[in-house]
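entry12.cif, holding mmCIF, C-alpha atoms:
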data_query
#
loop_
_atom_site.group_PDB
_atom_site.id
_atom_site.type_symbol
_atom_site.label_atom_id
_atom_site.label_comp_id
_atom_site.auth_asym_id
_atom_site.auth_seq_id
_atom_site.Cartn_x
_atom_site.Cartn_y
_atom_site.Cartn_z
ATOM 1 C CA MET D 1398 80.158 266.358 70.708
ATOM 2 C CA THR D 1399 82.383 263.427 71.562
ATOM 3 C CA GLU D 1400 84.363 263.562 74.782
ATOM 4 C CA HIS D 1401 87.819 261.976 74.883
ATOM 5 C CA SER D 1402 89.074 260.528 78.146
ATOM 6 C CA PRO D 1403 92.322 262.172 79.318
ATOM 7 C CA GLN D 1404 93.427 258.699 80.401
ATOM 8 C CA ALA D 1405 93.406 257.353 76.825
ATOM 9 C CA PRO D 1406 96.754 258.878 75.696
ATOM 10 C CA ALA D 1407 98.360 257.733 78.959
ATOM 11 C CA ALA D 1408 97.045 254.184 78.444
ATOM 12 C CA ILE D 1409 98.427 254.073 74.905
ATOM 13 C CA ALA D 1410 101.801 255.426 76.039
ATOM 14 C CA ASP D 1411 101.922 252.816 78.799
ATOM 15 C CA THR D 1412 101.154 250.040 76.321
ATOM 16 C CA LEU D 1413 103.924 251.203 73.982
ATOM 17 C CA ALA D 1414 106.330 251.367 76.922
ATOM 18 C CA GLN D 1415 105.606 247.702 77.688
ATOM 19 C CA VAL D 1416 106.410 246.492 74.157
ATOM 20 C CA GLY D 1417 110.177 246.487 74.721
ATOM 21 C CA PRO D 1418 110.067 244.315 77.863
ATOM 22 C CA ARG D 1419 107.598 241.978 76.124
ATOM 23 C CA LEU D 1420 109.972 241.578 73.163
ATOM 24 C CA LYS D 1421 112.853 240.732 75.470
ATOM 25 C CA ARG D 1422 110.786 238.252 77.503
ATOM 26 C CA VAL D 1423 109.624 236.404 74.393
ATOM 27 C CA ARG D 1424 113.150 236.253 72.968
ATOM 28 C CA THR D 1425 114.882 235.137 76.171
ATOM 29 C CA ARG D 1426 112.149 232.609 76.962
ATOM 30 C CA ARG D 1427 112.941 230.953 73.642
ATOM 31 C CA GLY D 1428 116.690 231.139 74.181
ATOM 32 C CA VAL D 1429 117.198 233.235 71.025
ATOM 33 C CA SER D 1430 120.126 235.654 70.831
ATOM 34 C CA LEU D 1431 119.888 239.120 69.285
ATOM 35 C CA ALA D 1432 122.248 237.922 66.554
ATOM 36 C CA ALA D 1433 120.021 234.952 65.696
ATOM 37 C CA LEU D 1434 116.882 237.119 65.700
ATOM 38 C CA SER D 1435 118.626 239.649 63.483
ATOM 39 C CA GLU D 1436 119.526 236.881 61.036
ATOM 40 C CA ALA D 1437 115.938 235.592 60.987
ATOM 41 C CA THR D 1438 114.241 238.969 60.543
ATOM 42 C CA GLY D 1439 116.744 241.079 58.604
ATOM 43 C CA ILE D 1440 116.508 243.727 61.360
ATOM 44 C CA SER D 1441 119.852 244.929 62.697
ATOM 45 C CA LYS D 1442 120.992 243.929 66.198
ATOM 46 C CA SER D 1443 121.198 247.589 67.222
ATOM 47 C CA THR D 1444 117.578 248.201 66.174
ATOM 48 C CA LEU D 1445 116.396 245.088 68.017
ATOM 49 C CA SER D 1446 118.313 246.163 71.129
ATOM 50 C CA ARG D 1447 116.833 249.675 70.992
ATOM 51 C CA LEU D 1448 113.339 248.201 70.607
ATOM 52 C CA GLU D 1449 113.817 246.086 73.732
ATOM 53 C CA THR D 1450 115.157 249.007 75.783
ATOM 54 C CA GLY D 1451 112.451 251.407 74.593
ATOM 55 C CA GLN D 1452 114.867 253.637 72.679
ATOM 56 C CA ARG D 1453 113.173 252.770 69.357
ATOM 57 C CA ARG D 1454 109.439 253.238 68.827
ATOM 58 C CA PRO D 1455 107.789 249.949 67.780
ATOM 59 C CA SER D 1456 106.130 249.869 64.362
ATOM 60 C CA LEU D 1457 104.167 247.279 62.399
ATOM 61 C CA GLU D 1458 106.973 246.715 59.897
ATOM 62 C CA LEU D 1459 109.337 245.840 62.769
ATOM 63 C CA LEU D 1460 106.942 243.831 64.951
ATOM 64 C CA LEU D 1461 105.480 241.613 62.228
ATOM 65 C CA PRO D 1462 108.770 239.954 61.189
ATOM 66 C CA ILE D 1463 109.676 239.495 64.873
ATOM 67 C CA ALA D 1464 106.318 237.802 65.500
ATOM 68 C CA GLN D 1465 106.925 235.660 62.415
ATOM 69 C CA ALA D 1466 110.400 234.634 63.592
ATOM 70 C CA HIS D 1467 109.082 233.639 67.040
ATOM 71 C CA GLN D 1468 105.904 232.154 65.512
ATOM 72 C CA VAL D 1469 103.663 234.008 67.964
ATOM 73 C CA PRO D 1470 100.644 236.261 67.402
ATOM 74 C CA LEU D 1471 101.149 240.015 67.551
ATOM 75 C CA ASP D 1472 98.999 240.094 70.708
ATOM 76 C CA GLU D 1473 101.851 238.391 72.566
ATOM 77 C CA LEU D 1474 104.176 241.272 71.659
ATOM 78 C CA VAL D 1475 101.711 244.136 72.067
ATOM 79 C CA GLY D 1476 99.099 244.222 74.835
ATOM 80 C CA ALA D 1477 96.055 246.235 73.743
ATOM 81 C CA PRO D 1478 95.275 249.114 76.149
ATOM 82 C CA GLN D 1479 91.884 249.345 77.797
ATOM 83 C CA VAL D 1480 90.555 252.570 76.260
ATOM 84 C CA GLY D 1481 86.799 252.349 76.430
ATOM 85 C CA ASP D 1482 84.846 250.436 73.799
ATOM 86 C CA PRO D 1483 87.345 247.999 72.250
ATOM 87 C CA ARG D 1484 85.161 247.056 69.278
ATOM 88 C CA VAL D 1485 86.494 247.741 65.793
ATOM 89 C CA ARG D 1486 83.638 248.991 63.663
ATOM 90 C CA ALA D 1487 85.079 248.083 60.272
ATOM 91 C CA LYS D 1488 82.337 246.978 57.880
ATOM 92 C CA PRO D 1489 83.100 243.652 56.157
ATOM 93 C CA LEU D 1490 82.748 243.624 52.382
ATOM 94 C CA VAL D 1491 82.372 240.679 50.020
ATOM 95 C CA ARG D 1492 84.456 240.890 46.860
ATOM 96 C CA ASN D 1493 84.594 238.033 44.366
ATOM 97 C CA GLY D 1494 83.395 235.613 47.031
ATOM 98 C CA ARG D 1495 86.009 236.732 49.579
ATOM 99 C CA THR D 1496 85.242 238.608 52.814
ATOM 100 C CA VAL D 1497 87.384 241.740 53.110
ATOM 101 C CA ILE D 1498 87.624 243.848 56.306
ATOM 102 C CA PRO D 1499 89.276 247.265 55.679
ATOM 103 C CA LEU D 1500 91.718 248.283 58.437
ATOM 104 C CA THR D 1501 92.691 251.716 57.068
ATOM 105 C CA PRO D 1502 89.592 253.961 57.102
ATOM 106 C CA HIS D 1503 91.182 256.808 55.151
ATOM 107 C CA PRO D 1504 92.860 256.945 51.727
ATOM 108 C CA GLY D 1505 96.654 256.777 51.827
ATOM 109 C CA PRO D 1506 99.693 255.415 50.030
ATOM 110 C CA ILE D 1507 99.442 252.041 51.802
ATOM 111 C CA GLN D 1508 96.157 250.290 52.539
ATOM 112 C CA ALA D 1509 95.642 247.438 55.004
ATOM 113 C CA TRP D 1510 92.860 244.899 55.259
ATOM 114 C CA LYS D 1511 92.043 241.423 56.507
ATOM 115 C CA SER D 1512 90.906 238.814 53.984
ATOM 116 C CA ILE D 1513 88.892 235.701 54.813
ATOM 117 C CA ILE D 1514 89.067 233.404 51.805
ATOM 118 C CA PRO D 1515 86.620 230.454 51.751
ATOM 119 C CA ALA D 1516 87.776 226.963 50.886
ATOM 120 C CA ASP D 1517 86.050 226.955 47.485
ATOM 121 C CA GLN D 1518 88.175 229.924 46.314
ATOM 122 C CA ASN D 1519 91.062 227.608 45.500
ATOM 123 C CA THR D 1520 91.375 227.768 41.707
ATOM 124 C CA PRO D 1521 94.347 229.910 40.625
ATOM 125 C CA ASP D 1522 93.434 232.840 38.384
ATOM 126 C CA PRO D 1523 96.595 235.001 38.209
ATOM 127 C CA CYS D 1524 96.295 238.707 37.477
ATOM 128 C CA THR D 1525 98.609 241.717 37.214
ATOM 129 C CA HIS D 1526 98.257 245.381 38.213
ATOM 130 C CA GLU D 1527 100.346 248.287 39.440
ATOM 131 C CA GLY D 1528 101.486 248.218 43.046
ATOM 132 C CA TYR D 1529 103.341 246.240 45.690
ATOM 133 C CA GLU D 1530 101.719 243.827 48.145
ATOM 134 C CA TRP D 1531 102.740 242.339 51.489
ATOM 135 C CA LEU D 1532 100.711 239.569 53.098
ATOM 136 C CA TYR D 1533 100.820 237.714 56.424
ATOM 137 C CA VAL D 1534 98.994 234.424 57.071
ATOM 138 C CA LEU D 1535 96.883 234.628 60.245
ATOM 139 C CA SER D 1536 95.291 231.163 60.135
ATOM 140 C CA GLY D 1537 94.928 228.286 57.722
ATOM 141 C CA ARG D 1538 97.250 227.404 54.840
ATOM 142 C CA LEU D 1539 97.732 229.797 51.925
ATOM 143 C CA ARG D 1540 98.742 228.917 48.387
ATOM 144 C CA LEU D 1541 100.602 231.724 46.609
ATOM 145 C CA VAL D 1542 101.109 231.505 42.850
ATOM 146 C CA LEU D 1543 103.604 234.159 41.772
ATOM 147 C CA ALA D 1544 104.993 234.088 38.236
ATOM 148 C CA ASP D 1545 106.832 230.725 38.047
ATOM 149 C CA HIS D 1546 106.583 230.051 41.803
ATOM 150 C CA ASP D 1547 103.894 227.946 43.502
ATOM 151 C CA LEU D 1548 104.246 228.197 47.299
ATOM 152 C CA VAL D 1549 102.317 227.043 50.371
ATOM 153 C CA MET D 1550 102.491 229.223 53.500
ATOM 154 C CA GLY D 1551 101.318 228.604 57.074
ATOM 155 C CA PRO D 1552 100.340 230.849 60.005
ATOM 156 C CA GLY D 1553 103.026 233.392 60.868
ATOM 157 C CA GLU D 1554 104.601 233.319 57.398
ATOM 158 C CA ALA D 1555 104.769 236.433 55.219
ATOM 159 C CA ALA D 1556 105.485 237.271 51.590
ATOM 160 C CA GLU D 1557 105.974 240.451 49.576
ATOM 161 C CA PHE D 1558 105.883 240.911 45.823
ATOM 162 C CA ASP D 1559 105.513 243.309 42.930
ATOM 163 C CA THR D 1560 101.907 243.027 41.721
ATOM 164 C CA ARG D 1561 103.006 243.624 38.135
ATOM 165 C CA LEU D 1562 104.026 239.949 38.244
ATOM 166 C CA PRO D 1563 101.200 237.463 37.563
ATOM 167 C CA HIS D 1564 99.911 236.487 41.021
ATOM 168 C CA TRP D 1565 97.085 234.741 42.855
ATOM 169 C CA PHE D 1566 96.582 233.518 46.410
ATOM 170 C CA GLY D 1567 93.930 231.410 48.076
ATOM 171 C CA PRO D 1568 93.385 228.385 50.332
ATOM 172 C CA ALA D 1569 95.780 225.444 50.093
ATOM 173 C CA GLY D 1570 93.489 222.539 50.804
ATOM 174 C CA ASP D 1571 89.858 222.264 51.876
ATOM 175 C CA SER D 1572 89.805 224.866 54.686
ATOM 176 C CA PRO D 1573 89.469 228.678 54.605
ATOM 177 C CA VAL D 1574 92.455 230.930 55.182
ATOM 178 C CA GLU D 1575 92.739 234.325 56.901
ATOM 179 C CA VAL D 1576 95.315 236.831 55.666
ATOM 180 C CA LEU D 1577 96.502 240.318 56.642
ATOM 181 C CA ASN D 1578 97.211 242.366 53.504
ATOM 182 C CA LEU D 1579 99.195 245.594 53.017
ATOM 183 C CA PHE D 1580 99.094 247.131 49.545
ATOM 184 C CA GLY D 1581 100.817 250.157 48.015
ATOM 185 C CA ARG D 1582 99.019 251.186 44.832
ATOM 186 C CA GLN D 1583 102.019 253.064 43.450
ATOM 187 C CA GLY D 1584 104.490 250.328 44.332
ATOM 188 C CA GLU D 1585 105.368 251.450 47.866
ATOM 189 C CA ARG D 1586 107.225 248.705 49.733
ATOM 190 C CA VAL D 1587 106.849 247.855 53.425
ATOM 191 C CA HIS D 1588 110.638 247.479 53.690
ATOM 192 C CA ILE D 1589 110.656 244.001 55.221
ATOM 193 C CA ARG D 1590 113.552 241.835 54.095
ATOM 194 C CA ALA D 1591 112.856 238.136 53.733
ATOM 195 C CA ARG D 1592 115.201 235.209 53.297
ATOM 196 C CA PRO D 1593 114.332 232.093 51.279
ATOM 197 C CA ARG D 1594 114.160 228.697 52.967
ATOM 198 C CA GLY D 1595 117.502 227.041 53.609
ATOM 199 C CA ARG D 1596 119.645 230.163 53.659
ATOM 200 C CA GLY D 1597 120.026 230.872 57.339
ATOM 201 C CA ALA D 1598 116.464 231.832 58.265
ATOM 202 C CA ASP D 1599 115.363 230.360 61.588
ATOM 203 C CA ARG D 1600 112.233 228.303 61.161
#
Could I get this file's structure written as C-alpha coordinates?
Amino acid sequence: MTEHSPQAPAAIADTLAQVGPRLKRVRTRRGVSLAALSEATGISKSTLSRLETGQRRPSLELLLPIAQAHQVPLDELVGAPQVGDPRVRAKPLVRNGRTVIPLTPHPGPIQAWKSIIPADQNTPDPCTHEGYEWLYVLSGRLRLVLADHDLVMGPGEAAEFDTRLPHWFGPAGDSPVEVLNLFGRQGERVHIRARPRGRGADR
(Lines of atoms letter the chains of each structure in order from A and count residues from 1; the text may use other names and numbers.)
(Lines give C-alpha, C1' and ligand atoms only; values in the text may rest on other atoms or scores of the structure.)
Protein backbone atom coordinates (compact mmCIF):
# COMPACT_ATOMS: atom_id res chain seq x y z
CA MET A 1 0.00 0.00 0.00
CA THR A 2 1.41 3.35 -1.01
CA GLU A 3 1.27 6.18 1.50
CA HIS A 4 0.74 9.73 0.24
CA SER A 5 2.25 12.61 2.19
CA PRO A 6 -0.40 15.10 3.39
CA GLN A 7 2.11 17.83 2.53
CA ALA A 8 2.07 16.98 -1.20
CA PRO A 9 -1.25 18.72 -2.07
CA ALA A 10 -0.17 21.77 -0.05
CA ALA A 11 3.16 21.90 -1.90
CA ILE A 12 1.42 21.74 -5.27
CA ALA A 13 -1.07 24.43 -4.26
CA ASP A 14 1.79 26.64 -3.09
CA THR A 15 3.62 26.17 -6.39
CA LEU A 16 0.51 27.11 -8.38
CA ALA A 17 0.03 30.17 -6.17
CA GLN A 18 3.55 31.33 -7.07
CA VAL A 19 2.98 31.13 -10.84
CA GLY A 20 1.18 34.48 -11.02
CA PRO A 21 3.94 36.47 -9.28
CA ARG A 22 6.54 34.69 -11.43
CA LEU A 23 4.68 35.69 -14.61
CA LYS A 24 4.56 39.31 -13.50
CA ARG A 25 8.24 39.36 -12.52
CA VAL A 26 9.34 37.95 -15.86
CA ARG A 27 7.16 40.39 -17.80
CA THR A 28 8.13 43.51 -15.84
CA ARG A 29 11.82 42.56 -15.83
CA ARG A 30 11.67 42.61 -19.62
CA GLY A 31 9.72 45.86 -19.74
CA VAL A 32 6.81 44.23 -21.60
CA SER A 33 3.30 45.62 -21.17
CA LEU A 34 0.20 43.43 -20.87
CA ALA A 35 -0.95 44.83 -24.22
CA ALA A 36 2.30 43.84 -25.94
CA LEU A 37 2.24 40.36 -24.38
CA SER A 38 -1.37 39.95 -25.45
CA GLU A 39 -0.42 40.87 -29.01
CA ALA A 40 2.47 38.38 -29.01
CA THR A 41 0.56 35.45 -27.54
CA GLY A 42 -3.04 35.94 -28.69
CA ILE A 43 -4.14 35.73 -25.03
CA SER A 44 -6.44 38.55 -23.91
CA LYS A 45 -5.15 41.24 -21.53
CA SER A 46 -7.83 40.33 -18.99
CA THR A 47 -6.74 36.67 -18.97
CA LEU A 48 -3.08 37.65 -18.60
CA SER A 49 -3.97 40.00 -15.74
CA ARG A 50 -6.01 37.31 -13.98
CA LEU A 51 -3.13 34.85 -14.37
CA GLU A 52 -0.73 37.29 -12.71
CA THR A 53 -3.10 38.02 -9.82
CA GLY A 54 -3.95 34.35 -9.27
CA GLN A 55 -7.58 34.73 -10.33
CA ARG A 56 -7.04 32.40 -13.32
CA ARG A 57 -5.61 28.90 -12.90
CA PRO A 58 -2.47 28.45 -15.03
CA SER A 59 -2.60 25.79 -17.74
CA LEU A 60 -0.14 24.44 -20.30
CA GLU A 61 -1.95 26.04 -23.23
CA LEU A 62 -1.60 29.46 -21.56
CA LEU A 63 1.93 29.11 -20.16
CA LEU A 64 3.60 27.74 -23.30
CA PRO A 65 2.86 30.75 -25.55
CA ILE A 66 3.89 33.10 -22.72
CA ALA A 67 7.20 31.23 -22.36
CA GLN A 68 7.61 31.41 -26.14
CA ALA A 69 6.96 35.16 -26.21
CA HIS A 70 9.52 35.79 -23.44
CA GLN A 71 11.89 33.16 -24.88
CA VAL A 72 12.36 31.49 -21.50
CA PRO A 73 11.99 27.86 -20.41
CA LEU A 74 8.81 26.83 -18.64
CA ASP A 75 10.86 26.22 -15.48
CA GLU A 76 11.29 29.98 -15.15
CA LEU A 77 7.50 30.41 -15.03
CA VAL A 78 6.66 27.37 -12.91
CA GLY A 79 8.83 26.22 -10.00
CA ALA A 80 8.50 22.47 -9.48
CA PRO A 81 7.39 21.58 -5.92
CA GLN A 82 9.50 19.30 -3.78
CA VAL A 83 7.17 16.31 -3.39
CA GLY A 84 9.37 13.34 -2.68
CA ASP A 85 11.09 11.48 -5.50
CA PRO A 86 11.22 13.94 -8.41
CA ARG A 87 12.19 11.36 -11.04
CA VAL A 88 9.86 10.86 -13.99
CA ARG A 89 9.70 7.17 -14.76
CA ALA A 90 8.60 7.43 -18.38
CA LYS A 91 10.17 4.68 -20.48
CA PRO A 92 11.86 5.98 -23.65
CA LEU A 93 10.89 4.26 -26.88
CA VAL A 94 12.68 4.22 -30.23
CA ARG A 95 10.43 4.66 -33.25
CA ASN A 96 11.83 4.96 -36.76
CA GLY A 97 15.21 5.96 -35.35
CA ARG A 98 13.75 8.66 -33.08
CA THR A 99 13.68 8.51 -29.27
CA VAL A 100 10.17 9.15 -27.94
CA ILE A 101 9.37 9.73 -24.24
CA PRO A 102 5.61 9.49 -23.50
CA LEU A 103 4.38 12.17 -21.06
CA THR A 104 0.72 11.07 -20.84
CA PRO A 105 0.59 7.61 -19.22
CA HIS A 106 -3.11 7.04 -19.89
CA PRO A 107 -5.17 7.06 -23.10
CA GLY A 108 -7.00 10.33 -23.76
CA PRO A 109 -8.09 12.71 -26.49
CA ILE A 110 -4.73 14.54 -26.47
CA GLN A 111 -1.39 12.79 -26.05
CA ALA A 112 1.91 14.45 -25.13
CA TRP A 113 5.46 13.26 -25.59
CA LYS A 114 9.03 14.45 -25.97
CA SER A 115 10.90 13.59 -29.16
CA ILE A 116 14.68 13.48 -29.52
CA ILE A 117 15.47 13.39 -33.23
CA PRO A 118 19.07 12.52 -34.20
CA ALA A 119 20.95 14.55 -36.77
CA ASP A 120 20.81 11.82 -39.42
CA GLN A 121 16.97 11.94 -39.45
CA ASN A 122 17.03 14.96 -41.74
CA THR A 123 15.56 13.70 -45.01
CA PRO A 124 11.96 14.90 -45.49
CA ASP A 125 9.42 12.11 -45.93
CA PRO A 126 5.99 13.80 -45.64
CA CYS A 127 2.99 11.78 -44.51
CA THR A 128 -0.69 12.40 -43.76
CA HIS A 129 -3.09 11.02 -41.14
CA GLU A 130 -6.10 12.06 -39.10
CA GLY A 131 -5.52 14.41 -36.21
CA TYR A 132 -4.10 17.77 -35.15
CA GLU A 133 -0.58 18.33 -33.84
CA TRP A 134 1.11 21.06 -31.81
CA LEU A 135 4.87 21.10 -31.33
CA TYR A 136 7.32 23.21 -29.31
CA VAL A 137 11.09 23.26 -29.94
CA LEU A 138 13.03 22.64 -26.72
CA SER A 139 16.57 22.67 -28.13
CA GLY A 140 18.28 22.59 -31.49
CA ARG A 141 16.86 23.77 -34.81
CA LEU A 142 13.80 22.10 -36.33
CA ARG A 143 12.86 21.93 -39.99
CA LEU A 144 9.10 21.67 -40.57
CA VAL A 145 7.84 20.74 -44.03
CA LEU A 146 4.09 21.33 -44.18
CA ALA A 147 2.31 21.16 -47.53
CA ASP A 148 3.94 23.97 -49.58
CA HIS A 149 5.78 25.47 -46.58
CA ASP A 150 9.39 24.73 -45.60
CA LEU A 151 10.19 26.38 -42.24
CA VAL A 152 13.08 26.42 -39.76
CA MET A 153 12.24 26.89 -36.07
CA GLY A 154 14.47 27.53 -33.04
CA PRO A 155 14.12 26.94 -29.28
CA GLY A 156 10.97 28.48 -27.84
CA GLU A 157 9.11 28.49 -31.17
CA ALA A 158 5.88 26.55 -31.65
CA ALA A 159 3.71 25.41 -34.55
CA GLU A 160 0.30 23.77 -34.91
CA PHE A 161 -1.18 22.07 -37.95
CA ASP A 162 -3.79 19.69 -39.29
CA THR A 163 -2.05 16.34 -39.83
CA ARG A 164 -4.22 15.64 -42.87
CA LEU A 165 -1.82 18.01 -44.65
CA PRO A 166 1.42 16.39 -45.89
CA HIS A 167 3.95 17.04 -43.10
CA TRP A 168 7.40 16.09 -41.81
CA PHE A 169 9.74 17.53 -39.20
CA GLY A 170 13.32 16.81 -38.25
CA PRO A 171 16.71 18.44 -37.59
CA ALA A 172 17.70 21.52 -39.58
CA GLY A 173 21.42 21.05 -39.90
CA ASP A 174 23.88 18.55 -38.45
CA SER A 175 22.73 18.54 -34.80
CA PRO A 176 19.87 16.70 -33.05
CA VAL A 177 16.70 18.50 -32.04
CA GLU A 178 14.40 18.03 -29.03
CA VAL A 179 10.68 18.69 -29.40
CA LEU A 180 7.60 18.66 -27.15
CA ASN A 181 4.63 17.22 -29.06
CA LEU A 182 0.88 17.39 -28.34
CA PHE A 183 -1.37 15.35 -30.63
CA GLY A 184 -5.15 14.98 -30.87
CA ARG A 185 -6.01 11.86 -32.84
CA GLN A 186 -9.51 13.07 -33.71
CA GLY A 187 -8.37 16.56 -34.65
CA GLU A 188 -8.61 18.19 -31.21
CA ARG A 189 -6.83 21.56 -31.19
CA VAL A 190 -4.81 23.00 -28.31
CA HIS A 191 -6.42 26.40 -28.92
CA ILE A 192 -3.20 28.40 -29.20
CA ARG A 193 -3.36 31.25 -31.70
CA ALA A 194 -0.19 32.02 -33.59
CA ARG A 195 0.76 34.98 -35.74
CA PRO A 196 3.05 34.73 -38.78
CA ARG A 197 6.35 36.60 -38.85
CA GLY A 198 6.11 40.29 -39.65
CA ARG A 199 2.53 40.84 -38.55
CA GLY A 200 2.92 42.28 -35.09
CA ALA A 201 4.32 39.29 -33.21
CA ASP A 202 7.10 40.24 -30.80
CA ARG A 203 10.24 38.30 -31.57
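This file, filtered with the PyMOL selection byres ((chain D and resi 1520) around 12), gives the residues Ile1514, Pro1515, Ala1516, Asp1517, Gln1518, Asn1519, Pro1521, Asp1522, Pro1523, Arg1540, Leu1541, Val1542, Trp1565, Phe1566, Gly1567, Pro1568, Ala1569, Gly1570 and Asp1571 of chain D.
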Would you kindly translate the PyMOL selection byres ((chain D and resi 1511) around 10) into the concrete residues it picks from this file, as a PDB file with C-alpha atoms, in the coordinates of the input?
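Result went into out-v4.pdb, see below:
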ATOM      1  CA  PRO D1489      83.100 243.652  56.157  1.00  0.00           C
ATOM      2  CA  THR D1496      85.242 238.608  52.814  1.00  0.00           C
ATOM      3  CA  VAL D1497      87.384 241.740  53.110  1.00  0.00           C
ATOM      4  CA  ILE D1498      87.624 243.848  56.306  1.00  0.00           C
ATOM      5  CA  PRO D1499      89.276 247.265  55.679  1.00  0.00           C
ATOM      6  CA  LEU D1500      91.718 248.283  58.437  1.00  0.00           C
ATOM      7  CA  ALA D1509      95.642 247.438  55.004  1.00  0.00           C
ATOM      8  CA  TRP D1510      92.860 244.899  55.259  1.00  0.00           C
ATOM      9  CA  SER D1512      90.906 238.814  53.984  1.00  0.00           C
ATOM     10  CA  ILE D1513      88.892 235.701  54.813  1.00  0.00           C
ATOM     11  CA  ILE D1514      89.067 233.404  51.805  1.00  0.00           C
ATOM     12  CA  LEU D1532     100.711 239.569  53.098  1.00  0.00           C
ATOM     13  CA  TYR D1533     100.820 237.714  56.424  1.00  0.00           C
ATOM     14  CA  VAL D1534      98.994 234.424  57.071  1.00  0.00           C
ATOM     15  CA  LEU D1535      96.883 234.628  60.245  1.00  0.00           C
ATOM     16  CA  GLU D1575      92.739 234.325  56.901  1.00  0.00           C
ATOM     17  CA  VAL D1576      95.315 236.831  55.666  1.00  0.00           C
ATOM     18  CA  LEU D1577      96.502 240.318  56.642  1.00  0.00           C
ATOM     19  CA  ASN D1578      97.211 242.366  53.504  1.00  0.00           C
ATOM     20  CA  LEU D1579      99.195 245.594  53.017  1.00  0.00           C
TER      21      LEU D1579
END
Apply the PyMOL selection byres ((chain D and resi 1437-1451) around 7) to the file shown and report the selected residues as a PDB file with C-alpha atoms, in the frame of the given file.
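out-v5.pdb, written as the output of this step:
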ATOM      1  CA  ALA D1414     106.330 251.367  76.922  1.00  0.00           C
ATOM      2  CA  GLY D1417     110.177 246.487  74.721  1.00  0.00           C
ATOM      3  CA  PRO D1418     110.067 244.315  77.863  1.00  0.00           C
ATOM      4  CA  LEU D1420     109.972 241.578  73.163  1.00  0.00           C
ATOM      5  CA  LYS D1421     112.853 240.732  75.470  1.00  0.00           C
ATOM      6  CA  LEU D1431     119.888 239.120  69.285  1.00  0.00           C
ATOM      7  CA  ALA D1432     122.248 237.922  66.554  1.00  0.00           C
ATOM      8  CA  ALA D1433     120.021 234.952  65.696  1.00  0.00           C
ATOM      9  CA  LEU D1434     116.882 237.119  65.700  1.00  0.00           C
ATOM     10  CA  SER D1435     118.626 239.649  63.483  1.00  0.00           C
ATOM     11  CA  GLU D1436     119.526 236.881  61.036  1.00  0.00           C
ATOM     12  CA  GLN D1452     114.867 253.637  72.679  1.00  0.00           C
ATOM     13  CA  ARG D1453     113.173 252.770  69.357  1.00  0.00           C
ATOM     14  CA  ARG D1454     109.439 253.238  68.827  1.00  0.00           C
ATOM     15  CA  PRO D1455     107.789 249.949  67.780  1.00  0.00           C
ATOM     16  CA  PRO D1462     108.770 239.954  61.189  1.00  0.00           C
ATOM     17  CA  ILE D1463     109.676 239.495  64.873  1.00  0.00           C
ATOM     18  CA  ALA D1466     110.400 234.634  63.592  1.00  0.00           C
ATOM     19  CA  ARG D1590     113.552 241.835  54.095  1.00  0.00           C
ATOM     20  CA  ALA D1591     112.856 238.136  53.733  1.00  0.00           C
ATOM     21  CA  ALA D1598     116.464 231.832  58.265  1.00  0.00           C
ATOM     22  CA  ASP D1599     115.363 230.360  61.588  1.00  0.00           C
TER      23      ASP D1599
END
Review point. What is the atom CA of His1564 of chain D to atom CA of Pro1506 of chain D distance in Å?
Key: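 The value is 21.0 Å.
Here atom CA of Leu1562 of chain D and atom CA of Val1549 of chain D stand 17.8 Å from one another.
Interatomic distance, atom CA of Arg1538 of chain D to atom CA of Asn1493 of chain D: 19.6 Å.
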Check your understanding: For the point (99.0, 246.4, 48.9) in file coordinates, what residues are within 6 Å, counting all atoms listed in the file? Give the answer as a list of chain:residue names?
Key ->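 Applying the cut-off with all atoms listed in the file, one gets D:Tyr1529, D:Glu1530, D:Leu1579, D:Phe1580, D:Gly1581.
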Can you find the residues with an atom no farther than 10 Å from (109.9, 234.9, 69.6), counting all atoms listed in the file, and report them as an mmCIF file with C-alpha atoms, keeping the file's coordinate frame?
data_model
loop_
_atom_site.group_PDB
_atom_site.id
_atom_site.type_symbol
_atom_site.label_atom_id
_atom_site.label_comp_id
_atom_site.auth_asym_id
_atom_site.auth_seq_id
_atom_site.Cartn_x
_atom_site.Cartn_y
_atom_site.Cartn_z
ATOM 1 C CA ARG D 1419 107.598 241.978 76.124
ATOM 2 C CA LEU D 1420 109.972 241.578 73.163
ATOM 3 C CA LYS D 1421 112.853 240.732 75.470
ATOM 4 C CA ARG D 1422 110.786 238.252 77.503
ATOM 5 C CA VAL D 1423 109.624 236.404 74.393
ATOM 6 C CA ARG D 1424 113.150 236.253 72.968
ATOM 7 C CA THR D 1425 114.882 235.137 76.171
ATOM 8 C CA ARG D 1426 112.149 232.609 76.962
ATOM 9 C CA ARG D 1427 112.941 230.953 73.642
ATOM 10 C CA GLY D 1428 116.690 231.139 74.181
ATOM 11 C CA VAL D 1429 117.198 233.235 71.025
ATOM 12 C CA LEU D 1434 116.882 237.119 65.700
ATOM 13 C CA PRO D 1462 108.770 239.954 61.189
ATOM 14 C CA ILE D 1463 109.676 239.495 64.873
ATOM 15 C CA ALA D 1464 106.318 237.802 65.500
ATOM 16 C CA GLN D 1465 106.925 235.660 62.415
ATOM 17 C CA ALA D 1466 110.400 234.634 63.592
ATOM 18 C CA HIS D 1467 109.082 233.639 67.040
ATOM 19 C CA GLN D 1468 105.904 232.154 65.512
ATOM 20 C CA VAL D 1469 103.663 234.008 67.964
ATOM 21 C CA PRO D 1470 100.644 236.261 67.402
ATOM 22 C CA GLU D 1473 101.851 238.391 72.566
ATOM 23 C CA LEU D 1474 104.176 241.272 71.659
#
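Shortest atom-to-atom contact with Gly1537 of chain D among D:Thr1412, D:Ser1572, D:Thr1560, D:Ser1456: D:Ser1572, counting only C-alpha atoms.
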